[in-house]
$ cat upload22.csv   # CSV, C-alpha atoms
chain,number,residue,atom,x,y,z
A,30,MET,CA,-19.5,-3.7,-25.9
A,31,ASP,CA,-23.1,-3.9,-25.0
A,32,LYS,CA,-24.6,-5.0,-21.7
A,33,GLU,CA,-25.4,-8.5,-22.9
A,34,GLN,CA,-21.9,-9.2,-24.2
A,35,LYS,CA,-20.3,-8.0,-20.9
A,36,GLN,CA,-22.8,-10.1,-18.8
A,37,GLY,CA,-21.9,-13.2,-21.0
A,38,LEU,CA,-18.2,-12.7,-20.4
A,39,ILE,CA,-18.8,-12.3,-16.7
A,40,GLU,CA,-20.8,-15.5,-16.6
A,41,GLU,CA,-18.2,-17.4,-18.6
A,42,TYR,CA,-15.2,-16.4,-16.5
A,43,ARG,CA,-16.5,-16.0,-13.0
A,44,GLU,CA,-15.3,-18.1,-10.2
A,45,HIS,CA,-18.5,-18.3,-8.1
A,46,PRO,CA,-22.1,-17.2,-8.6
A,47,THR,CA,-21.7,-13.7,-7.3
A,48,ASP,CA,-18.3,-12.9,-8.8
A,49,THR,CA,-18.3,-9.8,-11.0
A,50,GLY,CA,-14.9,-8.2,-10.3
A,51,SER,CA,-12.3,-10.9,-9.8
A,52,SER,CA,-9.0,-10.6,-11.8
A,53,THR,CA,-10.1,-13.3,-14.2
A,54,VAL,CA,-13.3,-11.5,-15.1
A,55,GLN,CA,-11.6,-8.2,-15.4
A,56,VAL,CA,-8.9,-9.7,-17.7
A,57,ALA,CA,-11.6,-11.2,-19.9
A,58,VAL,CA,-13.6,-8.0,-20.2
A,59,LEU,CA,-10.4,-5.9,-20.9
A,60,THR,CA,-9.3,-8.4,-23.5
A,61,HIS,CA,-12.6,-8.1,-25.3
A,62,ARG,CA,-12.5,-4.3,-25.2
A,63,ILE,CA,-8.8,-4.3,-26.4
A,64,ARG,CA,-9.7,-6.5,-29.4
A,65,GLU,CA,-12.6,-4.2,-30.3
A,66,LEU,CA,-10.5,-1.1,-30.0
A,67,THR,CA,-7.7,-2.6,-32.0
A,68,GLU,CA,-10.1,-3.2,-34.9
A,69,HIS,CA,-11.4,0.4,-34.6
A,70,LEU,CA,-7.8,1.7,-34.8
A,71,ARG,CA,-7.0,-0.4,-37.9
A,72,GLU,CA,-9.7,1.7,-39.7
A,73,HIS,CA,-9.1,5.0,-37.9
A,74,LYS,CA,-5.3,5.3,-37.9
A,75,ASN,CA,-5.2,8.9,-36.6
A,76,ASP,CA,-7.5,8.4,-33.6
A,77,GLU,CA,-4.9,9.3,-30.9
A,78,HIS,CA,-7.4,9.6,-28.1
A,79,SER,CA,-8.6,6.0,-28.6
A,80,ARG,CA,-4.9,4.9,-28.9
A,81,TYR,CA,-4.2,6.4,-25.5
A,82,GLY,CA,-7.2,4.6,-24.0
A,83,LEU,CA,-5.9,1.3,-25.6
A,84,ILE,CA,-2.5,1.8,-24.0
A,85,LYS,CA,-4.1,2.3,-20.6
A,86,MET,CA,-6.2,-0.8,-21.0
A,87,VAL,CA,-3.3,-2.9,-22.0
A,88,GLY,CA,-1.3,-1.7,-18.9
A,89,LEU,CA,-4.3,-2.5,-16.6
A,90,ARG,CA,-4.7,-6.0,-18.1
A,91,ARG,CA,-0.9,-6.6,-17.7
A,92,ARG,CA,-1.1,-5.7,-14.0
A,93,HIS,CA,-4.1,-8.0,-13.4
A,94,LEU,CA,-2.2,-10.8,-15.2
A,95,GLU,CA,0.9,-10.2,-13.1
A,96,TYR,CA,-1.2,-10.4,-10.0
A,97,LEU,CA,-2.8,-13.7,-11.2
A,98,ALA,CA,0.6,-15.2,-12.0
A,99,ARG,CA,1.8,-14.3,-8.5
A,100,GLU,CA,-1.2,-15.6,-6.7
A,101,ASP,CA,-2.4,-18.6,-8.6
A,102,ILE,CA,-0.2,-19.8,-11.5
A,103,SER,CA,-2.5,-22.6,-12.6
A,104,GLN,CA,-5.5,-20.2,-12.9
A,105,TYR,CA,-3.2,-17.8,-14.8
A,106,GLN,CA,-2.1,-20.4,-17.3
A,107,SER,CA,-5.7,-21.6,-17.8
A,108,LEU,CA,-6.9,-18.1,-18.4
A,109,LEU,CA,-4.2,-17.4,-21.0
A,110,GLY,CA,-5.2,-20.5,-22.9
A,111,ARG,CA,-8.9,-19.7,-22.8
A,112,LEU,CA,-8.4,-16.2,-24.0
A,113,GLY,CA,-5.7,-17.1,-26.5
A,114,LEU,CA,-3.1,-14.7,-25.1
A,115,ARG,CA,0.7,-15.2,-25.4
A,116,ARG,CA,3.1,-14.6,-22.5
$ encode --input "upload22.csv" --output "structure tokens"
Amino acid sequence: MDKEQKQGLIEEYREHPTDTGSSTVQVAVLTHRIRELTEHLREHKNDEHSRYGLIKMVGLRRRHLEYLAREDISQYQSLLGRLGLRR
């Protein structure tokens, strides 16, 4: 992901003008990175180092989503719909 893509995601999912690290932004960025890495692993099936990184990212995203579900269920459900995630 290049700098412009990441900045676009931050602008789309931020909650206020100076927000760069809220859970919603982090989940959006992680989801984008997970999708890119999944495509990479479809072509490079034996890349175990990238697979390990993917597993860590999925776990981190899951923890952020659990936090959001606990703190603000409406924002959580909205985010799942916007990102196209199932839970």
$ residues_near_point --input "upload22.csv" --point "(4.0, -11.6, -20.8)" --cutoff "10 Å" --atoms "only C-alpha atoms" --output "ChimeraX atom specification"
/A:91,94-95,114-116
$ atom_distance --input "upload22.csv" --atom1 "atom CA of Leu97 of chain A" --atom2 "atom CA of His69 of chain A"
28.6 Å
$ closest_residue --input "upload22.csv" --among "A:Glu72, A:Tyr96, A:Arg62, A:Asp48" --to "Ile84 of chain A" --atoms "all atoms listed in the file"
A:Arg62
$ residues_around --input "upload22.csv" --residues "segment 108-110 of chain A" --least-positions-apart "2" --cutoff "12 Å" --atoms "all atoms listed in the file" --output "PDB file with C-alpha atoms, keeping the file's coordinate frame"
ATOM      1  CA  GLU A  41     -18.200 -17.400 -18.600  1.00  0.00           C
ATOM      2  CA  TYR A  42     -15.200 -16.400 -16.500  1.00  0.00           C
ATOM      3  CA  ARG A  43     -16.500 -16.000 -13.000  1.00  0.00           C
ATOM      4  CA  GLU A  44     -15.300 -18.100 -10.200  1.00  0.00           C
ATOM      5  CA  SER A  52      -9.000 -10.600 -11.800  1.00  0.00           C
ATOM      6  CA  THR A  53     -10.100 -13.300 -14.200  1.00  0.00           C
ATOM      7  CA  VAL A  54     -13.300 -11.500 -15.100  1.00  0.00           C
ATOM      8  CA  GLN A  55     -11.600  -8.200 -15.400  1.00  0.00           C
ATOM      9  CA  VAL A  56      -8.900  -9.700 -17.700  1.00  0.00           C
ATOM     10  CA  ALA A  57     -11.600 -11.200 -19.900  1.00  0.00           C
ATOM     11  CA  THR A  60      -9.300  -8.400 -23.500  1.00  0.00           C
ATOM     12  CA  ARG A  90      -4.700  -6.000 -18.100  1.00  0.00           C
ATOM     13  CA  ARG A  91      -0.900  -6.600 -17.700  1.00  0.00           C
ATOM     14  CA  HIS A  93      -4.100  -8.000 -13.400  1.00  0.00           C
ATOM     15  CA  LEU A  94      -2.200 -10.800 -15.200  1.00  0.00           C
ATOM     16  CA  GLU A  95       0.900 -10.200 -13.100  1.00  0.00           C
ATOM     17  CA  LEU A  97      -2.800 -13.700 -11.200  1.00  0.00           C
ATOM     18  CA  ALA A  98       0.600 -15.200 -12.000  1.00  0.00           C
ATOM     19  CA  ASP A 101      -2.400 -18.600  -8.600  1.00  0.00           C
ATOM     20  CA  ILE A 102      -0.200 -19.800 -11.500  1.00  0.00           C
ATOM     21  CA  SER A 103      -2.500 -22.600 -12.600  1.00  0.00           C
ATOM     22  CA  GLN A 104      -5.500 -20.200 -12.900  1.00  0.00           C
ATOM     23  CA  TYR A 105      -3.200 -17.800 -14.800  1.00  0.00           C
ATOM     24  CA  GLN A 106      -2.100 -20.400 -17.300  1.00  0.00           C
ATOM     25  CA  LEU A 112      -8.400 -16.200 -24.000  1.00  0.00           C
ATOM     26  CA  GLY A 113      -5.700 -17.100 -26.500  1.00  0.00           C
ATOM     27  CA  LEU A 114      -3.100 -14.700 -25.100  1.00  0.00           C
ATOM     28  CA  ARG A 115       0.700 -15.200 -25.400  1.00  0.00           C
ATOM     29  CA  ARG A 116       3.100 -14.600 -22.500  1.00  0.00           C
TER      30      ARG A 116
END
$ closest_residue --input "upload22.csv" --among "A:Val58, A:Arg92, A:Gly82, A:Glu77" --to "Gln34 of chain A" --atoms "only C-alpha atoms"
A:Val58
$ closest_residue --input "upload22.csv" --among "A:Asp31, A:Lys74, A:Glu68, A:Leu59" --to "Leu89 of chain A" --atoms "all atoms listed in the file"
A:Leu59
$ atom_distance --input "upload22.csv" --atom1 "atom CA of Glu40 of chain A" --atom2 "atom CA of Leu83 of chain A"
24.2 Å
$ closest_residue --input "upload22.csv" --among "A:Met86, A:His61, A:Met30, A:Lys35" --to "Thr49 of chain A" --atoms "only C-alpha atoms"
A:Lys35
$ atom_distance --input "upload22.csv" --atom1 "atom CA of Ser107 of chain A" --atom2 "atom CA of Glu65 of chain A"
22.5 Å
